[in-house]
Structures are given as C-alpha cells and as structure tokens.
>>> print(open('query33.cif').read())   # mmCIF, C-alpha atoms
data_protein
loop_
_atom_site.group_PDB
_atom_site.id
_atom_site.type_symbol
_atom_site.label_atom_id
_atom_site.label_comp_id
_atom_site.auth_asym_id
_atom_site.auth_seq_id
_atom_site.Cartn_x
_atom_site.Cartn_y
_atom_site.Cartn_z
ATOM 1 C CA MET A 541 -24.213 7.018 8.858
ATOM 2 C CA THR A 542 -21.863 9.995 9.036
ATOM 3 C CA ILE A 543 -18.536 10.051 10.852
ATOM 4 C CA SER A 544 -15.632 12.449 10.552
ATOM 5 C CA ILE A 545 -12.540 10.890 8.974
ATOM 6 C CA ALA A 546 -8.915 11.942 8.549
ATOM 7 C CA PHE A 547 -6.117 10.601 6.367
ATOM 8 C CA ILE A 548 -2.457 10.917 7.278
ATOM 9 C CA GLY A 549 -0.836 10.394 3.899
ATOM 10 C CA PHE A 550 -2.917 11.075 0.824
ATOM 11 C CA GLY A 551 -1.411 9.020 -1.972
ATOM 12 C CA GLU A 552 -3.186 6.470 -4.130
ATOM 13 C CA ALA A 553 -4.737 4.498 -1.259
ATOM 14 C CA GLY A 554 -5.990 7.558 0.607
ATOM 15 C CA GLN A 555 -7.434 9.128 -2.513
ATOM 16 C CA HIS A 556 -9.327 6.060 -3.693
ATOM 17 C CA ILE A 557 -10.635 5.136 -0.246
ATOM 18 C CA SER A 558 -11.745 8.694 0.503
ATOM 19 C CA ARG A 559 -13.500 8.999 -2.866
ATOM 20 C CA GLY A 560 -15.535 5.917 -2.032
ATOM 21 C CA LEU A 561 -16.303 7.134 1.469
ATOM 22 C CA ARG A 562 -17.489 10.489 0.130
ATOM 23 C CA GLY A 563 -19.839 8.580 -2.159
ATOM 24 C CA ALA A 564 -21.097 6.673 0.879
ATOM 25 C CA ASN A 565 -21.878 9.965 2.671
ATOM 26 C CA SER A 566 -19.303 9.325 5.361
ATOM 27 C CA GLY A 567 -19.221 12.852 6.676
ATOM 28 C CA PRO A 568 -16.367 15.384 6.475
ATOM 29 C CA ILE A 569 -12.921 14.105 5.478
ATOM 30 C CA ARG A 570 -9.632 15.920 6.022
ATOM 31 C CA CYS A 571 -6.123 14.943 4.989
ATOM 32 C CA TYR A 572 -2.499 15.777 5.613
ATOM 33 C CA ASP A 573 0.459 14.652 3.515
ATOM 34 C CA ILE A 574 4.133 15.186 4.268
ATOM 35 C CA LEU A 575 4.537 16.675 0.786
ATOM 36 C CA PHE A 576 2.524 19.674 2.013
ATOM 37 C CA ASP A 577 5.565 20.631 4.108
ATOM 38 C CA LYS A 578 7.790 20.574 1.030
ATOM 39 C CA GLY A 579 5.505 22.472 -1.323
ATOM 40 C CA GLY A 580 6.043 22.393 -5.055
ATOM 41 C CA GLU A 581 4.345 20.434 -7.806
ATOM 42 C CA GLY A 582 3.812 17.281 -5.750
ATOM 43 C CA ALA A 583 2.009 19.122 -2.969
ATOM 44 C CA GLU A 584 -0.165 21.055 -5.390
ATOM 45 C CA ARG A 585 -1.118 17.880 -7.225
ATOM 46 C CA ILE A 586 -2.298 16.238 -3.993
ATOM 47 C CA ARG A 587 -4.167 19.362 -2.876
ATOM 48 C CA SER A 588 -5.897 19.534 -6.245
ATOM 49 C CA ARG A 589 -6.879 15.872 -6.047
ATOM 50 C CA ALA A 590 -8.221 16.367 -2.518
ATOM 51 C CA GLN A 591 -10.332 19.319 -3.631
ATOM 52 C CA GLU A 592 -11.676 17.323 -6.552
ATOM 53 C CA ILE A 593 -12.734 14.484 -4.244
ATOM 54 C CA GLY A 594 -14.226 16.793 -1.630
ATOM 55 C CA VAL A 595 -11.527 16.335 1.001
ATOM 56 C CA THR A 596 -10.099 19.251 2.985
ATOM 57 C CA ALA A 597 -6.306 19.449 2.742
ATOM 58 C CA CYS A 598 -4.722 20.520 6.048
ATOM 59 C CA ALA A 599 -1.361 22.093 6.792
ATOM 60 C CA THR A 600 -0.592 19.912 9.841
ATOM 61 C CA GLN A 601 -1.418 16.509 11.285
ATOM 62 C CA ALA A 602 -3.083 18.197 14.253
ATOM 63 C CA GLU A 603 -5.438 20.138 12.000
ATOM 64 C CA ALA A 604 -6.301 17.017 10.018
ATOM 65 C CA VAL A 605 -7.138 14.754 12.977
ATOM 66 C CA LYS A 606 -8.965 17.311 15.124
ATOM 67 C CA GLY A 607 -12.475 16.020 15.739
ATOM 68 C CA ALA A 608 -12.052 12.959 13.526
ATOM 69 C CA SER A 609 -13.637 9.728 14.736
ATOM 70 C CA VAL A 610 -11.337 7.595 12.573
ATOM 71 C CA VAL A 611 -7.800 8.450 11.452
ATOM 72 C CA PHE A 612 -6.349 6.338 8.645
ATOM 73 C CA ALA A 613 -2.557 6.282 8.393
ATOM 74 C CA ALA A 614 -1.789 5.605 4.724
ATOM 75 C CA VAL A 615 1.903 6.329 4.204
ATOM 76 C CA THR A 616 4.793 4.158 3.020
ATOM 77 C CA ALA A 617 5.963 1.242 5.133
ATOM 78 C CA SER A 618 9.248 3.006 5.849
ATOM 79 C CA SER A 619 7.395 6.111 7.101
ATOM 80 C CA ALA A 620 4.766 4.394 9.236
ATOM 81 C CA ASN A 621 6.566 4.781 12.549
ATOM 82 C CA ALA A 622 7.423 8.425 11.874
ATOM 83 C CA ALA A 623 3.787 9.107 10.939
ATOM 84 C CA ALA A 624 2.491 7.528 14.152
ATOM 85 C CA SER A 625 5.017 9.423 16.279
ATOM 86 C CA ALA A 626 4.223 12.750 14.613
ATOM 87 C CA THR A 627 0.451 12.288 14.786
ATOM 88 C CA ALA A 628 0.103 10.785 18.274
ATOM 89 C CA PRO A 629 0.466 14.095 20.186
ATOM 90 C CA ALA A 630 -2.619 15.414 18.383
ATOM 91 C CA LEU A 631 -4.790 12.360 19.091
ATOM 92 C CA VAL A 632 -7.323 12.259 21.900
ATOM 93 C CA ALA A 633 -9.108 9.519 23.807
ATOM 94 C CA GLY A 634 -11.785 7.765 21.797
ATOM 95 C CA GLN A 635 -10.265 8.326 18.366
ATOM 96 C CA TYR A 636 -9.391 5.316 16.237
ATOM 97 C CA TYR A 637 -5.949 5.322 14.614
ATOM 98 C CA VAL A 638 -6.028 2.778 11.794
ATOM 99 C CA ASP A 639 -2.586 1.815 10.474
ATOM 100 C CA ILE A 640 -3.162 0.476 6.943
ATOM 101 C CA ASN A 641 0.536 0.495 6.007
ATOM 102 C CA SER A 642 2.287 -2.688 4.818
ATOM 103 C CA CYS A 643 4.562 -3.003 7.848
ATOM 104 C CA SER A 644 5.916 -5.945 9.786
ATOM 105 C CA PRO A 645 4.055 -6.988 12.949
ATOM 106 C CA ALA A 646 6.956 -5.577 14.997
ATOM 107 C CA VAL A 647 6.502 -2.098 13.503
ATOM 108 C CA LYS A 648 2.729 -2.304 13.986
ATOM 109 C CA ARG A 649 3.285 -3.084 17.663
ATOM 110 C CA GLN A 650 5.694 -0.158 17.992
ATOM 111 C CA ASN A 651 3.087 2.141 16.461
ATOM 112 C CA ALA A 652 0.413 0.746 18.749
ATOM 113 C CA THR A 653 2.520 1.617 21.792
ATOM 114 C CA VAL A 654 2.924 5.196 20.553
ATOM 115 C CA VAL A 655 -0.789 5.640 19.869
ATOM 116 C CA ASP A 656 -1.930 3.915 23.066
ATOM 117 C CA LYS A 657 0.160 6.324 25.146
ATOM 118 C CA ALA A 658 -1.856 9.153 23.611
ATOM 119 C CA GLY A 659 -5.061 7.469 24.813
ATOM 120 C CA ALA A 660 -6.353 6.768 21.313
ATOM 121 C CA ARG A 661 -7.471 3.378 19.981
ATOM 122 C CA PHE A 662 -4.918 1.686 17.731
ATOM 123 C CA VAL A 663 -6.155 -0.787 15.134
ATOM 124 C CA GLU A 664 -3.906 -2.413 12.573
ATOM 125 C CA SER A 665 -5.300 -2.981 9.109
ATOM 126 C CA ALA A 666 -3.999 -5.190 6.321
ATOM 127 C CA VAL A 667 -5.219 -4.193 2.864
ATOM 128 C CA MET A 668 -5.617 -7.489 1.049
ATOM 129 C CA GLU A 669 -6.065 -6.406 -2.576
ATOM 130 C CA SER A 670 -5.116 -3.500 -4.821
ATOM 131 C CA VAL A 671 -7.027 -0.395 -3.718
ATOM 132 C CA PRO A 672 -7.939 1.357 -7.019
ATOM 133 C CA PRO A 673 -10.444 -1.195 -8.382
ATOM 134 C CA HIS A 674 -12.267 -1.369 -5.049
ATOM 135 C CA GLY A 675 -11.947 2.053 -3.441
ATOM 136 C CA HIS A 676 -13.248 2.048 0.121
ATOM 137 C CA LYS A 677 -14.615 -1.468 -0.417
ATOM 138 C CA VAL A 678 -11.148 -2.999 -0.727
ATOM 139 C CA PRO A 679 -10.978 -6.004 1.636
ATOM 140 C CA MET A 680 -9.212 -5.200 4.907
ATOM 141 C CA LEU A 681 -8.284 -7.404 7.831
ATOM 142 C CA LEU A 682 -8.239 -5.680 11.225
ATOM 143 C CA ALA A 683 -6.537 -6.696 14.455
ATOM 144 C CA GLY A 684 -6.179 -5.240 17.923
ATOM 145 C CA ALA A 685 -8.264 -4.819 21.030
ATOM 146 C CA HIS A 686 -10.567 -2.317 19.308
ATOM 147 C CA SER A 687 -10.831 -4.046 15.932
ATOM 148 C CA ALA A 688 -14.289 -5.568 16.450
ATOM 149 C CA ALA A 689 -15.734 -2.220 17.533
ATOM 150 C CA LEU A 690 -14.212 -0.514 14.486
ATOM 151 C CA VAL A 691 -15.789 -3.117 12.191
ATOM 152 C CA GLU A 692 -19.207 -2.112 13.513
ATOM 153 C CA LEU A 693 -18.400 1.545 12.866
ATOM 154 C CA LEU A 694 -17.108 1.116 9.316
ATOM 155 C CA LYS A 695 -19.381 -1.585 7.875
ATOM 156 C CA PRO A 696 -22.395 0.744 7.526
ATOM 157 C CA LEU A 697 -20.241 2.838 5.162
ATOM 158 C CA GLY A 698 -19.847 -0.159 2.874
ATOM 159 C CA MET A 699 -16.282 -0.971 3.915
ATOM 160 C CA ARG A 700 -15.291 -4.648 3.686
ATOM 161 C CA VAL A 701 -13.563 -5.017 7.037
ATOM 162 C CA GLU A 702 -13.070 -8.163 9.101
ATOM 163 C CA ALA A 703 -11.615 -8.475 12.603
ATOM 164 C CA VAL A 704 -9.179 -11.408 12.742
ATOM 165 C CA GLY A 705 -7.998 -11.126 16.342
ATOM 166 C CA GLU A 706 -7.265 -8.903 19.310
ATOM 167 C CA THR A 707 -3.479 -9.131 19.003
ATOM 168 C CA VAL A 708 -1.734 -6.440 16.961
ATOM 169 C CA GLY A 709 0.346 -8.176 14.306
ATOM 170 C CA GLN A 710 -2.132 -10.857 13.312
ATOM 171 C CA ALA A 711 -3.517 -8.951 10.326
ATOM 172 C CA SER A 712 -0.125 -7.814 9.042
ATOM 173 C CA SER A 713 1.215 -11.364 9.271
ATOM 174 C CA VAL A 714 -1.480 -12.571 6.889
ATOM 175 C CA LYS A 715 -0.853 -9.641 4.558
ATOM 176 C CA LEU A 716 2.923 -10.017 4.350
ATOM 177 C CA LEU A 717 2.928 -13.790 3.977
ATOM 178 C CA ARG A 718 0.448 -13.426 1.131
ATOM 179 C CA SER A 719 2.622 -10.690 -0.364
ATOM 180 C CA ILE A 720 5.617 -13.029 -0.578
ATOM 181 C CA LEU A 721 3.553 -15.082 -3.017
ATOM 182 C CA ILE A 722 1.994 -12.192 -4.951
ATOM 183 C CA LYS A 723 5.084 -9.973 -5.176
ATOM 184 C CA GLY A 724 7.112 -13.111 -5.835
ATOM 185 C CA LEU A 725 5.046 -13.731 -8.953
ATOM 186 C CA GLU A 726 5.519 -10.071 -9.920
ATOM 187 C CA SER A 727 9.295 -10.312 -9.633
ATOM 188 C CA LEU A 728 9.396 -13.630 -11.496
ATOM 189 C CA MET A 729 7.324 -12.170 -14.327
ATOM 190 C CA LEU A 730 9.543 -9.099 -14.451
ATOM 191 C CA GLU A 731 12.804 -11.022 -14.512
ATOM 192 C CA SER A 732 11.763 -13.829 -16.861
ATOM 193 C CA LEU A 733 9.778 -11.834 -19.384
ATOM 194 C CA TYR A 734 12.142 -8.853 -19.554
ATOM 195 C CA VAL A 735 15.014 -11.100 -20.545
ATOM 196 C CA ALA A 736 12.665 -13.064 -22.829
ATOM 197 C CA SER A 737 11.696 -9.801 -24.489
ATOM 198 C CA ASN A 738 15.353 -8.920 -25.046
ATOM 199 C CA LEU A 739 15.908 -12.340 -26.632
ATOM 200 C CA GLY A 740 12.778 -12.091 -28.767
ATOM 201 C CA VAL A 741 11.030 -15.095 -27.186
ATOM 202 C CA ALA A 742 8.502 -13.481 -24.803
ATOM 203 C CA ASP A 743 5.496 -14.700 -26.816
ATOM 204 C CA ARG A 744 6.862 -18.244 -26.790
ATOM 205 C CA VAL A 745 7.427 -18.194 -23.037
ATOM 206 C CA LEU A 746 3.902 -16.918 -22.342
ATOM 207 C CA ALA A 747 2.373 -19.422 -24.753
ATOM 208 C CA SER A 748 4.154 -22.251 -22.965
ATOM 209 C CA ILE A 749 2.946 -21.081 -19.548
ATOM 210 C CA GLN A 750 -0.558 -20.681 -20.944
ATOM 211 C CA GLU A 751 -0.556 -24.288 -22.120
ATOM 212 C CA THR A 752 0.644 -25.559 -18.750
ATOM 213 C CA TYR A 753 -1.757 -23.417 -16.683
ATOM 214 C CA PRO A 754 -4.737 -22.661 -18.965
ATOM 215 C CA GLN A 755 -6.930 -21.442 -16.097
ATOM 216 C CA MET A 756 -5.258 -18.010 -16.182
ATOM 217 C CA ASP A 757 -4.831 -15.427 -18.913
ATOM 218 C CA TRP A 758 -1.055 -15.102 -18.595
ATOM 219 C CA GLN A 759 -0.626 -12.166 -20.953
ATOM 220 C CA LYS A 760 -3.207 -10.194 -19.003
ATOM 221 C CA THR A 761 -1.619 -11.282 -15.732
ATOM 222 C CA ALA A 762 1.849 -10.254 -16.911
ATOM 223 C CA ASP A 763 0.602 -6.855 -18.090
ATOM 224 C CA TYR A 764 -1.085 -6.173 -14.760
ATOM 225 C CA LEU A 765 1.657 -7.443 -12.437
ATOM 226 C CA VAL A 766 4.611 -5.966 -14.321
ATOM 227 C CA GLY A 767 2.710 -2.711 -14.845
ATOM 228 C CA ARG A 768 1.879 -2.330 -11.168
ATOM 229 C CA THR A 769 5.480 -3.135 -10.241
ATOM 230 C CA ALA A 770 6.698 -0.374 -12.552
ATOM 231 C CA GLN A 771 4.227 2.120 -11.093
ATOM 232 C CA HIS A 772 4.684 1.300 -7.418
ATOM 233 C CA GLY A 773 8.060 -0.394 -7.156
ATOM 234 C CA VAL A 774 9.356 1.752 -4.304
ATOM 235 C CA ARG A 775 6.362 0.924 -2.128
ATOM 236 C CA ARG A 776 6.454 -2.758 -3.093
ATOM 237 C CA GLU A 777 10.159 -3.072 -2.323
ATOM 238 C CA ALA A 778 9.586 -1.521 1.104
ATOM 239 C CA GLU A 779 6.756 -3.965 1.766
ATOM 240 C CA MET A 780 8.984 -6.923 0.918
ATOM 241 C CA ARG A 781 11.714 -5.584 3.213
ATOM 242 C CA GLU A 782 9.057 -5.624 5.943
ATOM 243 C CA ALA A 783 8.161 -9.208 5.022
ATOM 244 C CA ALA A 784 11.830 -10.164 5.323
ATOM 245 C CA ARG A 785 12.002 -8.433 8.695
ATOM 246 C CA MET A 786 8.957 -10.385 9.887
ATOM 247 C CA LEU A 787 10.556 -13.689 8.870
ATOM 248 C CA ARG A 788 13.786 -12.810 10.691
ATOM 249 C CA ASP A 789 11.774 -11.915 13.792
ATOM 250 C CA VAL A 790 10.461 -15.489 13.924
ATOM 251 C CA GLY A 791 13.870 -17.009 13.202
ATOM 252 C CA PHE A 792 13.389 -17.871 9.518
ATOM 253 C CA GLU A 793 15.917 -16.804 6.883
ATOM 254 C CA PRO A 794 14.103 -14.633 4.289
ATOM 255 C CA ILE A 795 15.848 -15.938 1.172
ATOM 256 C CA MET A 796 12.895 -15.440 -1.175
ATOM 257 C CA ALA A 797 11.568 -12.244 0.413
ATOM 258 C CA GLU A 798 14.968 -10.554 0.055
ATOM 259 C CA ALA A 799 15.353 -11.727 -3.540
ATOM 260 C CA ILE A 800 11.905 -10.379 -4.405
ATOM 261 C CA ALA A 801 12.720 -7.048 -2.772
ATOM 262 C CA ASN A 802 16.005 -6.858 -4.690
ATOM 263 C CA ARG A 803 14.433 -7.486 -8.094
ATOM 264 C CA ILE A 804 11.549 -5.072 -7.519
ATOM 265 C CA GLY A 805 14.017 -2.548 -6.110
ATOM 266 C CA TRP A 806 16.154 -2.896 -9.250
ATOM 267 C CA CYS A 807 13.110 -2.035 -11.363
ATOM 268 C CA ALA A 808 12.198 0.918 -9.151
ATOM 269 C CA LYS A 809 15.711 2.355 -9.224
ATOM 270 C CA THR A 810 16.074 1.825 -12.970
ATOM 271 C CA LEU A 811 12.779 3.586 -13.696
ATOM 272 C CA ALA A 812 13.172 6.318 -11.057
ATOM 273 C CA GLY A 813 11.574 9.530 -12.291
ATOM 274 C CA HIS A 814 9.666 7.877 -15.136
ATOM 275 C CA LYS A 815 6.081 9.159 -15.346
ATOM 276 C CA TRP A 816 3.223 6.841 -16.258
ATOM 277 C CA GLU A 817 -0.111 8.246 -17.427
ATOM 278 C CA SER A 818 -1.821 4.972 -16.485
ATOM 279 C CA THR A 819 -0.845 1.422 -15.589
ATOM 280 C CA PRO A 820 1.505 0.342 -18.400
ATOM 281 C CA LYS A 821 1.499 -3.020 -20.125
ATOM 282 C CA ALA A 822 4.507 -5.301 -19.725
ATOM 283 C CA ALA A 823 5.902 -4.433 -23.172
ATOM 284 C CA GLU A 824 5.797 -0.716 -22.292
ATOM 285 C CA VAL A 825 7.693 -1.366 -19.080
ATOM 286 C CA PHE A 826 10.333 -3.385 -20.903
ATOM 287 C CA LYS A 827 10.729 -0.625 -23.491
ATOM 288 C CA ALA A 828 11.212 1.947 -20.728
ATOM 289 C CA LEU A 829 13.758 -0.311 -19.029
ATOM 290 C CA ASP A 830 15.625 -0.719 -22.320
ATOM 291 C CA THR A 831 16.147 3.024 -22.558
ATOM 292 C CA ARG A 832 17.921 2.999 -19.186
ATOM 293 C CA VAL A 833 19.742 -0.342 -19.141
ATOM 294 C CA ALA A 834 22.970 -0.514 -21.117
ATOM 295 C CA LYS A 835 22.889 -4.290 -21.177
ATOM 296 C CA ARG A 836 20.592 -7.117 -20.215
ATOM 297 C CA PRO A 837 19.873 -7.238 -16.458
ATOM 298 C CA ALA A 838 21.979 -9.422 -14.237
ATOM 299 C CA ALA A 839 20.156 -12.021 -12.174
#
>>> encode(input="query33.cif", output="structure tokens")
Amino acid sequence: MTISIAFIGFGEAGQHISRGLRGANSGPIRCYDILFDKGGEGAERIRSRAQEIGVTACATQAEAVKGASVVFAAVTASSANAAASATAPALVAGQYYVDINSCSPAVKRQNATVVDKAGARFVESAVMESVPPHGHKVPMLLAGAHSAALVELLKPLGMRVEAVGETVGQASSVKLLRSILIKGLESLMLESLYVASNLGVADRVLASIQETYPQMDWQKTADYLVGRTAQHGVRREAEMREAARMLRDVGFEPIMAEAIANRIGWCAKTLAGHKWESTPKAAEVFKALDTRVAKRPAA
C-alpha cells in the first residue's frame, strides 16, 4: 500500500519512523523542520539525513504537506502548538494531522481545534516506547474521532497503532502517566548513581539493587536510562512539564512530576552543547557531568 506522507519536524523520531516507512514502500515522504529557516550546520545535517533516507526536504510547511494523505507532527512538546498553528493553513479536507508530540491532553485539544478549523482530520498519537529500536513499528496509541480510520490506513504499512478512544486526550493521558514512572526511574538513577559515583560506591549501590530485584539487569538499565537522559534531556524535561500540567488540570499537585522535570532539566542544562556520538553509558555521562560541575550536585 502506498500513501503520501509528510513530517513536520524531522528529528530523531521523524527520521527513524520515515526510514521504516520507506522500507515498507509507503510512497513519497516529504519533511519540513524549523531549522531549515535558520540554516547552518543543523539544517544541513537534517537535509543530508533526509536525502540519505529518501525523504524530500522542503523549504516550507505548505510544500511539505501538499498532497500528503498523512501529516505527522514530530516536534518538541513546547513547539507542538506553534507547529499546528503554522501548518494548519496549508492543510486541506481529508488530510490526517497526527500529533505524536508528548503534550498534555489540554495542548492536544488546543491543536485539534486549530486543525479541525482547517477541515483536516486531527488524531492524537502517544508514542509508547523509544523510537530508534522500533522505527515505524514503535507502539502508538491513537485517539480522536478519526483514530479508528487512521489505524486501518497505517496498519498495512506495518505500523503498530491502536485506537484507544474517540476523545482527544485519552492517548496522551496514558503516555504521560506512564512517563512519570519511566522518567522518574531515569531521574532517580541519575541522582543516586551520580552521587554514588562521586563517592566511589556506585558498584556497591548497583549490586545491592541487583540482589533485591534480580529480575532486571540494573547496570544495563542504568546505562540505558542515564544515557538516554543525557542525550535527550531537553525533550524529556519538556515532557515532564506537560505531565505536571496534566496533573494540575485535574486538580492534583504534581510533586513528583515537577521533581523529575527539575532533575532531568539540571542534567540537560549542565550538559548543554555536549555532543554524543552514540548513546553513552552511565559512567560516561557522570564523567561529562564532572567536567562541568564544580561540586557534587545539590538535591
């Protein structure tokens, strides 16, 4: 089955999903990224990656979405509303606008209103696992009036999509509540093991956890979670701010969500500008932090 696809935002998620879709013979894929407006090394890197994958890089949102059956919005949580507002004027009736950003249900509903006014079909998507290992087969939950129809369109391409309801916000609620647990473990690992590393007892701490919970490989888990936090801290902090916003919207004080966002944000700010060739191990992250932290981190 071939359908024309567009990506608004062409970072890690867009690149990995589009690579998988190209392998599934999806049809033509175009992309636009806000970095194209700024030029420079970042824009050239994304254009080069698009060319390598077989995706056409476009100068504007309008050029990217023209004729596309499905438009995936894959930007940061903080940019999701701006992306919807900037893209909506170029959308036409019948097109699907799939918001895969890690936003609160309230932001998803705002974006839906913007897209619906353009006559297009808004569907919210919650990406439930890390994209790179899965590519276009990463599990996604969909919600909205057109979610069931979109499932039928995307499943033949090998995408693992499931409609969870017709109300926008249902999918993102599941995603963000899960993220409090997952990102919470990331921030706990970061805080505990970084200080343990400074005190020379990291191996002891991990060995103790391993004995208590032998079902998991805790060294491997720490390397993966701390490494991903170091690579994508800015995006993860923004996601946790959205989780906190969601909790406030339902009248629940986001004590843990805010704390998680603060710790991940501390890591992101401390490592700002650091370049990683690949996902680093925990010890590499701690070494990089040591070069930028004059003293042990405050709680």
>>> closest_atom_pairs(input="query33.cif", of="stretch 759-816 of chain A", to="stretch 634-643 of chain A", cutoff="12 Å", atoms="all atoms listed in the file", output="tab-separated table")
residue	atom	partner	partner_atom	distance
A:Arg775	CA	A:Ser642	CA	8.8
A:Arg776	CA	A:Ser642	CA	8.9
A:Glu777	CA	A:Ser642	CA	10.6
A:Ala778	CA	A:Ser642	CA	8.3
A:Glu779	CA	A:Ser642	CA	5.6
A:Met780	CA	A:Ser642	CA	8.8
A:Arg781	CA	A:Cys643	CA	8.9
A:Glu782	CA	A:Cys643	CA	5.5
A:Ala783	CA	A:Cys643	CA	7.7
A:Ala784	CA	A:Cys643	CA	10.5
A:Arg785	CA	A:Cys643	CA	9.2
A:Met786	CA	A:Cys643	CA	8.8
>>> atom_distance(input="query33.cif", atom1="atom CA of A:Ala658", atom2="atom CA of A:Arg570")
20.4 Å
>>> closest_residue(input="query33.cif", among="A:Ile557, A:Phe547, A:Asn565, A:Lys815", to="A:Leu697", atoms="all atoms listed in the file")
A:Asn565
>>> closest_residue(input="query33.cif", among="A:Ala828, A:Val701, A:Ile593, A:Val790", to="A:Phe550", atoms="all atoms listed in the file")
A:Ile593
>>> resolve_selection(input="query33.cif", expression="the PyMOL selection byres ((chain A and resi 605-610) around 7)", output="list of chain:residue names")
A:Ile543, A:Ser544, A:Ile545, A:Ala546, A:Gln601, A:Ala602, A:Glu603, A:Ala604, A:Val611, A:Phe612, A:Leu631, A:Gln635, A:Tyr636, A:Tyr637
>>> resolve_selection(input="query33.cif", expression="the PyMOL selection byres ((chain A and resi 769) around 10)", output="ChimeraX atom specification")
/A:723,726-727,730,763-768,770-777,804-805,807-808,819-820,822,825
>>> resolve_selection(input="query33.cif", expression="the PyMOL selection byres ((chain A and resi 596) around 9)", output="list in words")
Pro568, Ile569, Arg570, Cys571, Tyr572, Arg587, Ala590, Gln591, Gly594, Val595, Ala597, Cys598 and Ala604 of chain A
>>> write_last_selection(input="query33.cif", atoms="C-alpha atoms", output="mmCIF file, keeping the file's coordinate frame")
data_model
loop_
_atom_site.group_PDB
_atom_site.id
_atom_site.type_symbol
_atom_site.label_atom_id
_atom_site.label_comp_id
_atom_site.auth_asym_id
_atom_site.auth_seq_id
_atom_site.Cartn_x
_atom_site.Cartn_y
_atom_site.Cartn_z
ATOM 1 C CA PRO A 568 -16.367 15.384 6.475
ATOM 2 C CA ILE A 569 -12.921 14.105 5.478
ATOM 3 C CA ARG A 570 -9.632 15.920 6.022
ATOM 4 C CA CYS A 571 -6.123 14.943 4.989
ATOM 5 C CA TYR A 572 -2.499 15.777 5.613
ATOM 6 C CA ARG A 587 -4.167 19.362 -2.876
ATOM 7 C CA ALA A 590 -8.221 16.367 -2.518
ATOM 8 C CA GLN A 591 -10.332 19.319 -3.631
ATOM 9 C CA GLY A 594 -14.226 16.793 -1.630
ATOM 10 C CA VAL A 595 -11.527 16.335 1.001
ATOM 11 C CA ALA A 597 -6.306 19.449 2.742
ATOM 12 C CA CYS A 598 -4.722 20.520 6.048
ATOM 13 C CA ALA A 604 -6.301 17.017 10.018
#
>>> atom_distance(input="query33.cif", atom1="atom CA of A:His686", atom2="atom CA of A:Val663")
6.3 Å
>>> atom_distance(input="query33.cif", atom1="atom CA of A:Leu739", atom2="atom CA of A:Lys760")
20.7 Å
>>> closest_residue(input="query33.cif", among="A:Ala801, A:Ala613, A:Ile795, A:Ala628", to="A:Ser719", atoms="all atoms listed in the file")
A:Ala801
>>> closest_residue(input="query33.cif", among="A:Gly554, A:Pro673, A:Gly698, A:Pro629", to="A:Ala660", atoms="all atoms listed in the file")
A:Pro629
>>> decode(input="query33.cif", residues="stretch 644-662 of chain A", atoms="N, CA and C atoms", output="compact mmCIF listing (two decimals), in the first residue's frame")
# COMPACT_ATOMS: atom_id res chain seq x y z
N SER A 644 0.46 17.59 26.96
CA SER A 644 -0.67 17.34 27.85
C SER A 644 -1.95 17.22 27.03
N PRO A 645 -2.97 16.55 27.57
CA PRO A 645 -4.25 16.49 26.87
C PRO A 645 -4.81 17.86 26.50
N ALA A 646 -4.58 18.86 27.37
CA ALA A 646 -5.08 20.21 27.08
C ALA A 646 -4.46 20.78 25.82
N VAL A 647 -3.16 20.59 25.64
CA VAL A 647 -2.48 21.08 24.44
C VAL A 647 -2.95 20.31 23.21
N LYS A 648 -3.14 19.01 23.36
CA LYS A 648 -3.64 18.20 22.24
C LYS A 648 -5.01 18.73 21.79
N ARG A 649 -5.85 19.05 22.75
CA ARG A 649 -7.18 19.56 22.40
C ARG A 649 -7.10 20.92 21.72
N GLN A 650 -6.17 21.76 22.17
CA GLN A 650 -5.96 23.05 21.51
C GLN A 650 -5.53 22.84 20.06
N ASN A 651 -4.61 21.91 19.85
CA ASN A 651 -4.13 21.63 18.50
C ASN A 651 -5.24 21.05 17.63
N ALA A 652 -6.07 20.22 18.23
CA ALA A 652 -7.20 19.65 17.49
C ALA A 652 -8.14 20.73 16.98
N THR A 653 -8.39 21.73 17.83
CA THR A 653 -9.27 22.83 17.43
C THR A 653 -8.70 23.58 16.23
N VAL A 654 -7.39 23.81 16.26
CA VAL A 654 -6.71 24.52 15.17
C VAL A 654 -6.81 23.73 13.87
N VAL A 655 -6.55 22.44 13.95
CA VAL A 655 -6.55 21.59 12.75
C VAL A 655 -7.97 21.39 12.23
N ASP A 656 -8.92 21.19 13.13
CA ASP A 656 -10.31 20.97 12.72
C ASP A 656 -10.86 22.18 11.96
N LYS A 657 -10.46 23.38 12.36
CA LYS A 657 -10.93 24.58 11.67
C LYS A 657 -10.45 24.61 10.23
N ALA A 658 -9.32 23.95 9.97
CA ALA A 658 -8.80 23.89 8.60
C ALA A 658 -9.50 22.81 7.78
N GLY A 659 -10.35 22.01 8.44
CA GLY A 659 -11.07 20.96 7.73
C GLY A 659 -10.33 19.63 7.67
N ALA A 660 -9.15 19.58 8.26
CA ALA A 660 -8.38 18.33 8.24
C ALA A 660 -8.81 17.45 9.41
N ARG A 661 -8.27 16.24 9.45
CA ARG A 661 -8.65 15.26 10.47
C ARG A 661 -7.54 15.15 11.52
N PHE A 662 -7.81 15.64 12.71
CA PHE A 662 -6.82 15.59 13.79
C PHE A 662 -6.89 14.25 14.50
